[in-house]
Each structure stands twice: as structure tokens, then as C-alpha cells.
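Source file work_36.cif; content: mmCIF, C-alpha atoms.
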```
data_input
#
loop_
_atom_site.label_atom_id
_atom_site.label_comp_id
_atom_site.auth_asym_id
_atom_site.auth_seq_id
_atom_site.Cartn_x
_atom_site.Cartn_y
_atom_site.Cartn_z
CA MET E 141 42.34 19.81 40.98
CA ILE E 142 43.33 16.32 39.90
CA GLU E 143 41.08 14.81 42.60
CA SER E 144 38.03 16.78 41.42
CA GLN E 145 38.53 15.49 37.90
CA THR E 146 38.35 11.88 39.10
CA LYS E 147 35.26 12.38 41.26
CA GLN E 148 31.91 11.15 39.99
CA THR E 149 29.23 13.78 39.41
CA ILE E 150 25.92 13.89 41.28
CA LEU E 151 23.12 16.14 40.03
CA VAL E 152 20.89 17.39 42.86
CA VAL E 153 17.47 18.59 41.71
CA ASP E 154 15.21 20.39 44.20
CA ASP E 155 13.24 23.63 44.19
CA THR E 156 14.06 24.36 47.85
CA PRO E 157 17.52 25.94 48.44
CA GLU E 158 17.73 24.54 51.99
CA ASN E 159 17.31 20.97 50.68
CA ILE E 160 19.98 21.54 48.02
CA ASP E 161 22.38 22.94 50.64
CA LEU E 162 21.84 19.94 52.91
CA LEU E 163 22.42 17.37 50.17
CA THR E 164 25.48 19.10 48.72
CA GLU E 165 26.97 19.39 52.21
CA VAL E 166 26.63 15.61 52.58
CA LEU E 167 27.93 14.83 49.10
CA ASP E 168 30.66 17.41 48.46
CA PRO E 169 33.43 15.66 50.44
CA HIS E 170 33.04 12.58 48.24
CA TYR E 171 31.60 13.66 44.88
CA ARG E 172 31.43 16.54 42.46
CA THR E 173 27.95 18.06 42.73
CA ARG E 174 25.84 20.06 40.33
CA VAL E 175 22.46 21.55 41.19
CA ALA E 176 19.22 22.41 39.42
CA ILE E 177 16.27 24.23 40.99
CA ASN E 178 13.71 22.96 38.44
CA GLY E 179 13.08 20.15 36.00
CA GLU E 180 13.94 22.11 32.87
CA LYS E 181 17.42 23.00 34.13
CA ALA E 182 17.95 19.42 35.31
CA LEU E 183 17.27 18.07 31.83
CA LYS E 184 19.55 20.67 30.25
CA ILE E 185 22.41 19.48 32.47
CA ALA E 186 21.60 15.80 31.94
CA PHE E 187 21.44 16.18 28.14
CA SER E 188 24.73 18.11 27.98
CA SER E 189 28.04 16.72 26.74
CA THR E 190 29.03 15.97 30.35
CA PRO E 191 26.01 14.26 31.93
CA PRO E 192 25.98 13.35 35.64
CA ASP E 193 26.72 9.86 36.91
CA LEU E 194 23.66 9.86 39.20
CA ILE E 195 20.67 12.14 39.86
CA LEU E 196 19.00 12.87 43.19
CA LEU E 197 15.58 14.11 42.15
CA ASP E 198 12.80 15.80 44.11
CA ILE E 199 9.25 14.95 43.02
CA MET E 200 7.15 17.94 44.04
CA MET E 201 8.45 20.89 42.02
CA PRO E 202 6.57 23.71 40.25
CA GLY E 203 6.25 23.32 36.49
CA MET E 204 7.85 20.02 35.49
CA ASP E 205 7.70 17.66 38.45
CA GLY E 206 10.12 14.86 39.22
CA TYR E 207 8.04 12.20 37.53
CA GLU E 208 8.09 14.14 34.25
CA VAL E 209 11.84 14.70 34.52
CA CYS E 210 12.42 10.99 35.13
CA LYS E 211 10.20 10.06 32.18
CA SER E 212 12.16 12.37 29.85
CA LEU E 213 15.46 10.94 31.07
CA LYS E 214 14.36 7.36 30.51
CA GLU E 215 12.99 8.09 27.04
CA ASN E 216 16.32 9.50 25.84
CA PRO E 217 18.89 6.79 24.89
CA ALA E 218 21.74 9.07 25.98
CA THR E 219 20.43 9.37 29.56
CA HIS E 220 18.36 6.21 29.89
CA GLY E 221 20.96 4.44 32.02
CA ILE E 222 21.72 7.25 34.49
CA PRO E 223 20.52 6.12 37.95
CA VAL E 224 17.75 8.31 39.36
CA ILE E 225 17.02 8.32 43.10
CA PHE E 226 13.89 10.15 44.20
CA VAL E 227 14.40 12.23 47.35
CA THR E 228 10.99 13.36 48.52
CA ALA E 229 8.60 13.97 51.39
CA MET E 230 5.99 11.87 49.54
CA SER E 231 6.35 8.73 51.61
CA GLU E 232 3.23 6.76 50.75
CA VAL E 233 3.76 3.27 49.34
CA ALA E 234 1.84 4.26 46.19
CA ASP E 235 4.20 7.19 45.64
CA GLU E 236 7.25 4.95 46.00
CA LYS E 237 5.73 2.37 43.66
CA LYS E 238 5.01 5.00 41.01
CA GLY E 239 8.57 6.35 41.22
CA LEU E 240 10.11 2.93 40.76
CA GLU E 241 7.77 2.19 37.85
CA MET E 242 8.96 5.42 36.21
CA GLY E 243 12.48 3.99 36.13
CA ALA E 244 14.01 5.27 39.36
CA VAL E 245 16.45 2.90 41.05
CA ASP E 246 15.70 3.95 44.63
CA TYR E 247 13.58 6.17 46.87
CA ILE E 248 14.83 8.22 49.86
CA ALA E 249 12.33 9.89 52.17
CA LYS E 250 12.75 13.37 53.63
CA PRO E 251 14.00 14.40 56.08
CA ILE E 252 17.14 12.68 54.86
CA SER E 253 19.66 10.68 56.83
CA PRO E 254 23.19 11.58 55.59
CA ALA E 255 24.38 8.02 56.16
CA ILE E 256 21.52 6.58 54.12
CA VAL E 257 22.07 9.07 51.29
CA LEU E 258 25.79 8.23 51.08
CA ALA E 259 25.16 4.48 51.28
CA ARG E 260 22.47 4.51 48.55
CA VAL E 261 24.50 6.78 46.28
CA LYS E 262 27.61 4.62 46.67
CA THR E 263 25.66 1.43 45.93
CA HIS E 264 23.98 2.71 42.79
CA LEU E 265 27.10 4.35 41.44
CA ALA E 266 28.92 1.04 41.84
CA LEU E 267 26.13 -0.78 40.00
CA TYR E 268 26.10 1.86 37.25
CA ASP E 269 29.89 1.60 36.84
CA GLN E 270 29.60 -2.17 36.61
CA THR E 271 26.84 -1.87 34.00
CA ARG E 272 28.86 0.56 31.90
CA HIS E 273 31.92 -1.69 32.12
CA LEU E 274 29.89 -4.68 30.98
CA GLU E 275 28.40 -2.67 28.13
CA ILE E 276 31.90 -1.72 26.95
CA MET E 277 32.97 -5.36 27.11
CA VAL E 278 29.89 -6.42 25.13
CA GLU E 279 30.58 -3.74 22.51
CA GLN E 280 34.18 -4.88 22.18
CA ARG E 281 33.17 -8.52 21.91
CA THR E 282 30.48 -7.66 19.36
CA ALA E 283 33.04 -5.75 17.30
CA GLU E 284 35.40 -8.73 17.43
CA LEU E 285 32.63 -11.09 16.32
CA GLU E 286 31.65 -8.75 13.49
CA LYS E 287 35.27 -8.56 12.35
CA ALA E 288 35.53 -12.36 12.44
CA ARG E 289 32.26 -12.67 10.50
CA ARG E 290 33.55 -10.35 7.80
CA HIS E 291 36.78 -12.32 7.58
CA ILE E 292 34.77 -15.50 7.06
CA ILE E 293 32.67 -13.83 4.37
CA CYS E 294 35.81 -12.67 2.57
CA ARG E 295 37.26 -16.16 2.82
CA LEU E 296 34.12 -17.67 1.31
CA GLY E 297 34.29 -15.11 -1.48
CA ARG E 298 37.89 -16.11 -2.05
CA ALA E 299 36.89 -19.78 -2.08
CA SER E 300 34.82 -19.20 -5.20
CA GLU E 301 37.92 -17.79 -6.92
CA PHE E 302 39.70 -21.10 -6.49
CA LYS E 303 37.11 -22.45 -8.92
CA ASP E 304 37.59 -19.53 -11.28
CA ASN E 305 41.13 -18.34 -10.68
CA GLU E 306 41.30 -16.11 -13.74
CA THR E 307 39.04 -13.53 -12.08
CA GLY E 308 41.75 -12.37 -9.65
CA ASN E 309 40.46 -9.39 -7.68
CA HIS E 310 37.00 -9.52 -9.24
CA VAL E 311 35.14 -9.77 -5.93
CA ILE E 312 37.05 -6.80 -4.54
CA ARG E 313 36.42 -4.56 -7.52
CA MET E 314 32.75 -5.41 -7.90
CA SER E 315 32.17 -4.92 -4.17
CA HIS E 316 33.60 -1.41 -4.45
CA TYR E 317 31.56 -0.78 -7.61
CA SER E 318 28.43 -1.91 -5.77
CA ARG E 319 29.19 0.44 -2.89
CA LEU E 320 29.72 3.40 -5.24
CA ILE E 321 26.50 2.74 -7.18
CA ALA E 322 24.54 2.38 -3.92
CA GLN E 323 25.92 5.70 -2.67
CA ALA E 324 25.01 7.47 -5.91
CA PHE E 325 21.53 5.94 -5.77
CA GLY E 326 21.08 7.44 -2.30
CA LEU E 327 21.02 4.43 0.00
CA GLY E 328 21.77 4.92 3.71
CA GLU E 329 25.23 4.27 5.13
CA GLU E 330 24.14 1.11 6.98
CA SER E 331 22.73 -0.47 3.81
CA ILE E 332 25.82 0.54 1.85
CA ASP E 333 28.15 -1.01 4.42
CA ILE E 334 26.14 -4.24 4.49
CA LEU E 335 26.12 -4.42 0.69
CA PHE E 336 29.87 -3.83 0.47
CA ASN E 337 30.59 -6.69 2.88
CA ALA E 338 27.97 -9.07 1.44
CA ALA E 339 28.86 -8.60 -2.24
CA PRO E 340 32.03 -10.79 -2.13
CA MET E 341 29.81 -13.83 -1.54
CA HIS E 342 27.70 -13.37 -4.68
CA ASP E 343 29.39 -16.24 -6.53
CA VAL E 344 30.15 -18.55 -3.61
CA GLY E 345 27.88 -21.17 -5.23
CA LYS E 346 30.52 -21.71 -7.92
CA ILE E 347 32.24 -23.93 -5.36
CA GLY E 348 29.67 -26.56 -6.34
CA ILE E 349 30.24 -26.30 -10.11
CA PRO E 350 32.63 -28.88 -11.68
CA ASP E 351 36.08 -27.64 -12.73
CA SER E 352 35.47 -28.93 -16.24
CA ILE E 353 32.82 -26.25 -16.61
CA MET E 354 34.35 -23.48 -14.51
CA LEU E 355 37.74 -23.67 -16.19
CA LYS E 356 36.58 -24.41 -19.74
CA PRO E 357 38.50 -22.08 -22.10
CA GLY E 358 35.70 -21.82 -24.63
CA LYS E 359 31.96 -21.17 -24.53
CA LEU E 360 29.72 -23.49 -22.56
CA ASP E 361 27.23 -25.73 -24.33
CA GLU E 362 23.57 -25.83 -23.28
CA THR E 363 24.02 -28.79 -20.92
CA GLU E 364 26.94 -27.04 -19.23
CA TRP E 365 24.92 -23.84 -18.92
CA VAL E 366 22.14 -25.72 -17.14
CA ILE E 367 24.69 -26.76 -14.52
CA MET E 368 26.30 -23.31 -14.36
CA ARG E 369 22.92 -21.69 -13.73
CA MET E 370 22.64 -23.72 -10.54
CA HIS E 371 25.33 -21.70 -8.77
CA PRO E 372 23.03 -18.92 -7.39
CA ALA E 373 20.83 -21.48 -5.61
CA MET E 374 23.94 -23.33 -4.43
CA GLY E 375 25.36 -20.09 -3.05
CA ALA E 376 22.17 -19.28 -1.18
CA GLU E 377 22.17 -22.77 0.30
CA ILE E 378 25.80 -22.45 1.40
CA ILE E 379 25.09 -19.13 3.15
CA GLY E 380 21.84 -20.40 4.62
CA ILE E 381 19.19 -18.53 6.60
CA HIS E 382 20.54 -16.38 9.43
CA PRO E 383 19.17 -13.52 11.59
CA SER E 384 22.24 -11.39 10.77
CA SER E 385 21.31 -8.62 8.31
CA LEU E 386 24.72 -9.05 6.69
CA LEU E 387 24.19 -12.75 5.99
CA GLN E 388 20.59 -12.16 4.96
CA THR E 389 21.84 -9.71 2.34
CA ALA E 390 24.58 -12.12 1.24
CA HIS E 391 21.94 -14.85 0.82
CA SER E 392 19.68 -12.52 -1.18
CA VAL E 393 22.49 -11.28 -3.43
CA ALA E 394 23.88 -14.75 -4.07
CA LEU E 395 20.44 -16.02 -5.08
CA ALA E 396 19.27 -13.08 -7.20
CA HIS E 397 22.29 -11.43 -8.83
CA HIS E 398 21.62 -13.23 -12.15
CA GLU E 399 17.95 -12.27 -12.28
CA LYS E 400 17.06 -9.78 -15.03
CA TRP E 401 14.74 -6.78 -15.01
CA ASP E 402 12.57 -8.26 -17.81
CA GLY E 403 12.19 -11.62 -16.04
CA SER E 404 14.50 -13.61 -18.33
CA GLY E 405 17.17 -14.24 -15.71
CA TYR E 406 17.74 -17.15 -13.34
CA PRO E 407 17.17 -19.09 -11.13
CA LYS E 408 13.62 -17.86 -10.34
CA LYS E 409 12.90 -15.59 -13.33
CA LEU E 410 12.08 -12.69 -11.03
CA LYS E 411 10.99 -9.50 -12.76
CA GLY E 412 11.43 -5.80 -12.02
CA GLU E 413 11.18 -4.88 -8.37
CA GLU E 414 10.61 -8.51 -7.43
CA ILE E 415 14.41 -8.64 -7.59
CA PRO E 416 15.92 -7.31 -4.34
CA LEU E 417 17.42 -3.85 -4.85
CA LEU E 418 20.88 -4.79 -3.56
CA ALA E 419 20.97 -7.75 -5.95
CA ARG E 420 20.08 -5.38 -8.82
CA ILE E 421 23.01 -3.18 -7.87
CA VAL E 422 25.38 -6.15 -7.67
CA ALA E 423 24.18 -7.32 -11.10
CA ILE E 424 25.49 -4.14 -12.76
CA ALA E 425 28.76 -4.18 -10.82
CA ASP E 426 29.31 -7.87 -11.55
CA VAL E 427 28.62 -7.65 -15.28
CA PHE E 428 30.64 -4.47 -15.75
CA ASP E 429 33.69 -6.01 -14.09
CA ALA E 430 33.24 -9.23 -16.09
CA LEU E 431 33.13 -7.22 -19.32
CA THR E 432 36.22 -5.17 -18.50
CA SER E 433 38.31 -8.14 -17.28
CA ASP E 434 40.22 -10.80 -19.17
CA ARG E 435 38.58 -14.21 -18.93
CA PRO E 436 39.63 -17.61 -20.34
CA TYR E 437 37.05 -17.21 -23.12
CA LYS E 438 37.50 -13.49 -23.95
CA LYS E 439 39.65 -10.38 -23.75
CA ALA E 440 38.70 -7.38 -21.61
CA TRP E 441 36.38 -4.89 -23.27
CA PRO E 442 37.29 -1.19 -23.38
CA ILE E 443 35.47 0.78 -20.68
CA GLU E 444 33.46 2.82 -23.20
CA GLU E 445 32.20 -0.32 -24.90
CA ALA E 446 31.27 -1.91 -21.58
CA VAL E 447 29.34 1.21 -20.54
CA ARG E 448 27.43 1.17 -23.82
CA GLU E 449 26.51 -2.47 -23.19
CA ILE E 450 25.21 -1.62 -19.72
CA GLU E 451 23.14 1.23 -21.19
CA LYS E 452 21.88 -1.03 -23.99
CA CYS E 453 20.62 -3.54 -21.42
CA SER E 454 18.72 -0.94 -19.39
CA GLY E 455 15.17 -2.17 -18.92
CA THR E 456 15.99 -5.69 -20.07
CA HIS E 457 18.86 -6.96 -17.95
CA PHE E 458 19.27 -4.01 -15.57
CA ASP E 459 17.07 -1.74 -13.47
CA PRO E 460 16.73 1.49 -15.54
CA ASP E 461 16.84 3.63 -12.38
CA LEU E 462 20.35 2.37 -11.60
CA ILE E 463 21.99 3.29 -14.91
CA GLU E 464 22.48 6.98 -14.17
CA PRO E 465 23.91 6.35 -10.67
CA PHE E 466 26.30 3.85 -12.28
CA LYS E 467 27.41 6.37 -14.90
CA ALA E 468 27.75 9.11 -12.27
CA VAL E 469 30.44 7.15 -10.42
CA LEU E 470 32.42 5.96 -13.46
CA PRO E 471 35.43 8.16 -12.57
CA GLN E 472 35.65 6.50 -9.13
CA ILE E 473 35.06 3.08 -10.71
CA GLN E 474 37.99 3.62 -13.07
CA LYS E 475 40.23 4.42 -10.08
CA ILE E 476 39.12 1.19 -8.39
CA MET E 477 39.85 -0.73 -11.61
CA GLU E 478 43.42 0.49 -11.58
CA GLN E 479 43.97 0.23 -7.84
CA TYR E 480 42.82 -3.39 -7.69
CA SER E 481 43.92 -4.48 -11.13
CA ASP E 482 44.84 -8.17 -11.42
CA LYS E 483 48.30 -7.12 -12.55
CA HIS E 484 48.98 -5.94 -8.98
CA GLY E 485 48.33 -9.42 -7.60
CA ALA E 486 45.62 -10.69 -5.26
CA MET E 487 44.55 -8.53 -2.33
CA ASP E 488 44.24 -10.12 1.12
CA ASP E 489 40.90 -10.10 2.93
CA LEU E 490 42.02 -7.87 5.83
CA ALA E 491 43.09 -5.18 3.39
CA PHE E 492 39.76 -5.56 1.63
CA ILE E 493 37.82 -4.98 4.88
CA LYS E 494 39.89 -1.88 5.65
CA SER E 495 39.42 -0.58 2.10
CA GLY E 496 35.68 -0.21 2.67
CA GLY E 497 36.04 2.47 5.32
#
```
Go ahead and render the structure in this file as C-alpha cells.
Amino acid sequence: MIESQTKQTILVVDDTPENIDLLTEVLDPHYRTRVAINGEKALKIAFSSTPPDLILLDIMMPGMDGYEVCKSLKENPATHGIPVIFVTAMSEVADEKKGLEMGAVDYIAKPISPAIVLARVKTHLALYDQTRHLEIMVEQRTAELEKARRHIICRLGRASEFKDNETGNHVIRMSHYSRLIAQAFGLGEESIDILFNAAPMHDVGKIGIPDSIMLKPGKLDETEWVIMRMHPAMGAEIIGIHPSSLLQTAHSVALAHHEKWDGSGYPKKLKGEEIPLLARIVAIADVFDALTSDRPYKKAWPIEEAVREIEKCSGTHFDPDLIEPFKAVLPQIQKIMEQYSDKHGAMDDLAFIKSGG
């Protein structure tokens, strides 16, 4: 029983019972075999929760022939990698060429030689096992790289706080707010995850703003505001251009989160839907957290007053279509406000990454 569980599974597909009996007799001492007498049943087995490790496939069958079965297998991501060996009496070079072009890994002519069948099956199973092992290693390495990338992004987000240390857990809260608003707006999970992990970098450009401006306890004068308004472009330059969708979003958000719906924002005075959607979402999250947090130049606003300000700026500062999604998630936002309040101290970046799950 234990041995059968460790054996690899071979699916034998042939419309002739004698051929199936011959192949299973050769294979059974070494592998677990399953059989199908037509293409439809073969696909049902292959698409099941326990697909075979290799398929021996006849070509000439009534109804769906072997070529059609192979095509369906190769078009499905779940079965694309399963090795298919054609076992057929069609021995012309053109037939073999067509089978290999369909995605088969090998071609065995009938009548079969048991030794050849076993040798070919063993070879292609070994190659398939090696491929699967490499794929697992690549997936693990990719996951490690993605984790490292997110750590770096969090660190860069933290770096901006060293220039503005009164904001505490601002980047954590506004990232969660952004995620909640995006969910309520109906964005897909992939976009939401990217936004959540890109949002901490929205103010990374503040690294380039002098401390005399960043830490000024009072209001900035016009000259100081000119310098302060440079931080979105500085942030985009720091992040740079990268093929990663995560870093592309971070670049976009850093550059455009101070643009306004009516075109009066900065740095490019974008208007309406010219402003990237994810940057529009971050704009609401960023402003709301700024309003409800203590800063060197002001006390925190009550939540109700901050919400009224967001509503008041609908159509001028903010995308009108995002106001209702924002209001819909206010109960969750209030929980985030308390959970990551500055009074609890700064949250580390690993905990932040885990908190987005």
C-alpha cells in the first residue's frame, strides 16, 4: 500500500483493449497506471485533482483523436507540463513531426518494444521531475526576492519619516486606508495588494527636502512651499523606472499623490482622470490621516470634521467617485487608527508586511 502511494502515475490512452493490456502489463511492476479508452475520458482524468505524471497517448481513436487530446492538454496551464508520448502505428516521418509540433515529448511506434517503452518513460519522468523541482526552486527564490523588495520599500518609506518624525505610523495607517478604499471601490486583489505595498513610498521624496522646512513648527512661507512641492518629483526620481509593477505603482503614486481633481495640484497640474487612479486613492488616505494626526503646526482634527473636509473637497481636490467608498469603510479606518496609533509606538516593517494579509 505504501509502495503504491509513492509510485508515479502513467495514463494509458488507447481505444483498443489489447493495446491497453499490453502497456499496463509492461508498466504495472514499476508505476501506477490509469487507463482511458477515448480522448474525452483521458482529459477528464488529466484535468482531475490528481493528474498523471506522464501520458502514453494513441493517435488514431474515434471521436477525439490523439492530436486533439494533446492540443487540449497543452492549452491548459494545469496540464501543459505533463509529458505526452504518442504510441501509434502511424510511423511516417510527417506523422512524427506533427506529434512533436503538437507538444509531445516523444514518439513510440507500434508494435511496441517493452524495453523501449520503459526506457522512454523513465527518461521523461526524470526530466519532468527535474523541471518541477526547478520550478519550485524558482518560485521559492521569487518569493524571497519579493519579500526582500517589500522590505526595501518599507525601509524607504521609513526613511522619509526621519525627515518628518512627528508623523509616526502615518505611512502604515494611510497604506491600510488606501487598501480599504480600493477594496470598497471594487479593484481586483492584485491591484489592491500592489497599492498597499507601494503606498508607503508616497513621500519618499521628502528625503531631499531640507530639515529647516520639514521640521518647521509653523506654517511655511511661499519660498519654502516652492521647495516642499518638489518632493513628489524627487520621490519619483528616487524610485526610478522599473519593470516591476510594484515599483511602477510606487513611482506613479509618489509623483501624483498631490495632484488635484480640478487641476490645481502639483507637480504637473494633472486634472481628473489624467491622475492615476491609485494616486487618487492615496490622496484621500494621505490627507485624511494628516488631518486626524497631530503635526508640529496643528492638533489632530476630530474624525467627523475630517470627513466633512474630505466631502467638501469632492470634485476639487478629490475624485468624486471615491468619496462614497471612503465613507463606506470609515468603521474599518477607525479601527486602523486605533490599532496603529502613534501612542503605541512605531511599527516595524516586517509586522507591516504581515498586516496586509
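Counting from CA of Gly221 (chain E), the distance to CA of Leu194 (chain E) is 9.4 Å.
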message: So that I can see what lies close to region 257-259 of chain E, please list as an NGL selection string the residues with an atom at most 12 Å from it, counting only C-alpha atoms and leaving out residues fewer than 6 positions away in the same chain.
response: :E and (150 or 152 or 162-171 or 195-196 or 225-227 or 246-251 or 265-266)
Please identify all polymer residues lying at most 10 Å from the point (20.0, -8.2, -10.7) (file coordinates), using all atoms listed in the file, and present the result as a PDB file with C-alpha atoms, keeping the file's coordinate frame.
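Contents of the output file result20.pdb:
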```
ATOM      1  CA  VAL E 393      22.490 -11.280  -3.430  1.00  0.00           C
ATOM      2  CA  LEU E 395      20.440 -16.020  -5.080  1.00  0.00           C
ATOM      3  CA  ALA E 396      19.270 -13.080  -7.200  1.00  0.00           C
ATOM      4  CA  HIS E 397      22.290 -11.430  -8.830  1.00  0.00           C
ATOM      5  CA  HIS E 398      21.620 -13.230 -12.150  1.00  0.00           C
ATOM      6  CA  GLU E 399      17.950 -12.270 -12.280  1.00  0.00           C
ATOM      7  CA  LYS E 400      17.060  -9.780 -15.030  1.00  0.00           C
ATOM      8  CA  TRP E 401      14.740  -6.780 -15.010  1.00  0.00           C
ATOM      9  CA  GLY E 405      17.170 -14.240 -15.710  1.00  0.00           C
ATOM     10  CA  TYR E 406      17.740 -17.150 -13.340  1.00  0.00           C
ATOM     11  CA  LEU E 410      12.080 -12.690 -11.030  1.00  0.00           C
ATOM     12  CA  LYS E 411      10.990  -9.500 -12.760  1.00  0.00           C
ATOM     13  CA  GLY E 412      11.430  -5.800 -12.020  1.00  0.00           C
ATOM     14  CA  GLU E 413      11.180  -4.880  -8.370  1.00  0.00           C
ATOM     15  CA  GLU E 414      10.610  -8.510  -7.430  1.00  0.00           C
ATOM     16  CA  ILE E 415      14.410  -8.640  -7.590  1.00  0.00           C
ATOM     17  CA  PRO E 416      15.920  -7.310  -4.340  1.00  0.00           C
ATOM     18  CA  LEU E 417      17.420  -3.850  -4.850  1.00  0.00           C
ATOM     19  CA  LEU E 418      20.880  -4.790  -3.560  1.00  0.00           C
ATOM     20  CA  ALA E 419      20.970  -7.750  -5.950  1.00  0.00           C
ATOM     21  CA  ARG E 420      20.080  -5.380  -8.820  1.00  0.00           C
ATOM     22  CA  ILE E 421      23.010  -3.180  -7.870  1.00  0.00           C
ATOM     23  CA  VAL E 422      25.380  -6.150  -7.670  1.00  0.00           C
ATOM     24  CA  ALA E 423      24.180  -7.320 -11.100  1.00  0.00           C
ATOM     25  CA  ILE E 424      25.490  -4.140 -12.760  1.00  0.00           C
ATOM     26  CA  ALA E 425      28.760  -4.180 -10.820  1.00  0.00           C
ATOM     27  CA  ASP E 426      29.310  -7.870 -11.550  1.00  0.00           C
ATOM     28  CA  VAL E 427      28.620  -7.650 -15.280  1.00  0.00           C
ATOM     29  CA  HIS E 457      18.860  -6.960 -17.950  1.00  0.00           C
ATOM     30  CA  PHE E 458      19.270  -4.010 -15.570  1.00  0.00           C
ATOM     31  CA  ASP E 459      17.070  -1.740 -13.470  1.00  0.00           C
TER      32      ASP E 459
END
```
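The interatomic distance for the pair CA of Ile222 (chain E) and CA of Asp198 (chain E) works out to 15.7 Å.
For the set E:Lys475, E:Ile353, E:Ala394, E:Ala322, the residue with the smallest atom-to-atom gap to Ile463 (chain E) is E:Ala322, counting only C-alpha atoms.
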- request: Identify all residues satisfying the PyMOL selection byres ((chain E and resi 386) around 10) in the given file; provide them as a VMD selection string.
  value: chain E and resid 286 289 to 290 293 331 333 to 339 382 to 385 387 to 392
Keeping only C-alpha atoms, write the selected residues to a file as a tab-separated table (two decimals), in the coordinates of the input.
```tsv
chain	number	residue	atom	x	y	z
E	286	GLU	CA	31.65	-8.75	13.49
E	289	ARG	CA	32.26	-12.67	10.50
E	290	ARG	CA	33.55	-10.35	7.80
E	293	ILE	CA	32.67	-13.83	4.37
E	331	SER	CA	22.73	-0.47	3.81
E	333	ASP	CA	28.15	-1.01	4.42
E	334	ILE	CA	26.14	-4.24	4.49
E	335	LEU	CA	26.12	-4.42	0.69
E	336	PHE	CA	29.87	-3.83	0.47
E	337	ASN	CA	30.59	-6.69	2.88
E	338	ALA	CA	27.97	-9.07	1.44
E	339	ALA	CA	28.86	-8.60	-2.24
E	382	HIS	CA	20.54	-16.38	9.43
E	383	PRO	CA	19.17	-13.52	11.59
E	384	SER	CA	22.24	-11.39	10.77
E	385	SER	CA	21.31	-8.62	8.31
E	387	LEU	CA	24.19	-12.75	5.99
E	388	GLN	CA	20.59	-12.16	4.96
E	389	THR	CA	21.84	-9.71	2.34
E	390	ALA	CA	24.58	-12.12	1.24
E	391	HIS	CA	21.94	-14.85	0.82
E	392	SER	CA	19.68	-12.52	-1.18
```
query: Excluding same-chain residues fewer than 4 positions from Val366 (chain E), what lies within 12 Å of it counting all atoms listed in the file, as a VMD selection string?
result: chain E and resid 349 353 360 to 362 370 to 372 406 to 407
Create the file for the chosen residues now, containing C-alpha atoms and written as an mmCIF file, keeping the file's coordinate frame.
```
data_model
loop_
_atom_site.group_PDB
_atom_site.id
_atom_site.type_symbol
_atom_site.label_atom_id
_atom_site.label_comp_id
_atom_site.auth_asym_id
_atom_site.auth_seq_id
_atom_site.Cartn_x
_atom_site.Cartn_y
_atom_site.Cartn_z
ATOM 1 C CA ILE E 349 30.240 -26.300 -10.110
ATOM 2 C CA ILE E 353 32.820 -26.250 -16.610
ATOM 3 C CA LEU E 360 29.720 -23.490 -22.560
ATOM 4 C CA ASP E 361 27.230 -25.730 -24.330
ATOM 5 C CA GLU E 362 23.570 -25.830 -23.280
ATOM 6 C CA MET E 370 22.640 -23.720 -10.540
ATOM 7 C CA HIS E 371 25.330 -21.700 -8.770
ATOM 8 C CA PRO E 372 23.030 -18.920 -7.390
ATOM 9 C CA TYR E 406 17.740 -17.150 -13.340
ATOM 10 C CA PRO E 407 17.170 -19.090 -11.130
#
```
Reference answer for the PyMOL selection byres ((chain E and resi 442) around 12), as a PDB file with C-alpha atoms, in the coordinates of the input:
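Result written to selection.pdb:
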```pdb
ATOM      1  CA  PHE E 428      30.640  -4.470 -15.750  1.00  0.00           C
ATOM      2  CA  ASP E 429      33.690  -6.010 -14.090  1.00  0.00           C
ATOM      3  CA  ALA E 430      33.240  -9.230 -16.090  1.00  0.00           C
ATOM      4  CA  LEU E 431      33.130  -7.220 -19.320  1.00  0.00           C
ATOM      5  CA  THR E 432      36.220  -5.170 -18.500  1.00  0.00           C
ATOM      6  CA  SER E 433      38.310  -8.140 -17.280  1.00  0.00           C
ATOM      7  CA  ASP E 434      40.220 -10.800 -19.170  1.00  0.00           C
ATOM      8  CA  LYS E 439      39.650 -10.380 -23.750  1.00  0.00           C
ATOM      9  CA  ALA E 440      38.700  -7.380 -21.610  1.00  0.00           C
ATOM     10  CA  TRP E 441      36.380  -4.890 -23.270  1.00  0.00           C
ATOM     11  CA  ILE E 443      35.470   0.780 -20.680  1.00  0.00           C
ATOM     12  CA  GLU E 444      33.460   2.820 -23.200  1.00  0.00           C
ATOM     13  CA  GLU E 445      32.200  -0.320 -24.900  1.00  0.00           C
ATOM     14  CA  ALA E 446      31.270  -1.910 -21.580  1.00  0.00           C
ATOM     15  CA  VAL E 447      29.340   1.210 -20.540  1.00  0.00           C
ATOM     16  CA  ARG E 448      27.430   1.170 -23.820  1.00  0.00           C
ATOM     17  CA  GLU E 449      26.510  -2.470 -23.190  1.00  0.00           C
ATOM     18  CA  GLN E 474      37.990   3.620 -13.070  1.00  0.00           C
TER      19      GLN E 474
END
```
message: Just the number, please: distance in Å from CA of His342 (chain E) to CA of Pro471 (chain E), one decimal.
response: 24.2 Å
task: Run the PyMOL selection byres ((chain E and resi 219) around 12) on the file and write out the hits as a ChimeraX atom specification.
output: /E:182-195,209-218,220-224,243
If you take every atom of region 267-280 of chain E that the file lists and fit an axis-aligned box around them with 8 Å extra on each side, what centre and edge lengths come out in Å to one decimal, as JSON?
```
{"center_x": 30.1, "center_y": -2.3, "center_z": 31.1, "size_x": 24.1, "size_y": 24.3, "size_z": 33.8}
```
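Shortest atom-to-atom contact with Phe466 (chain E) among E:Gly179, E:Arg435, E:Gly326, E:Ser481: E:Gly326, counting only C-alpha atoms.
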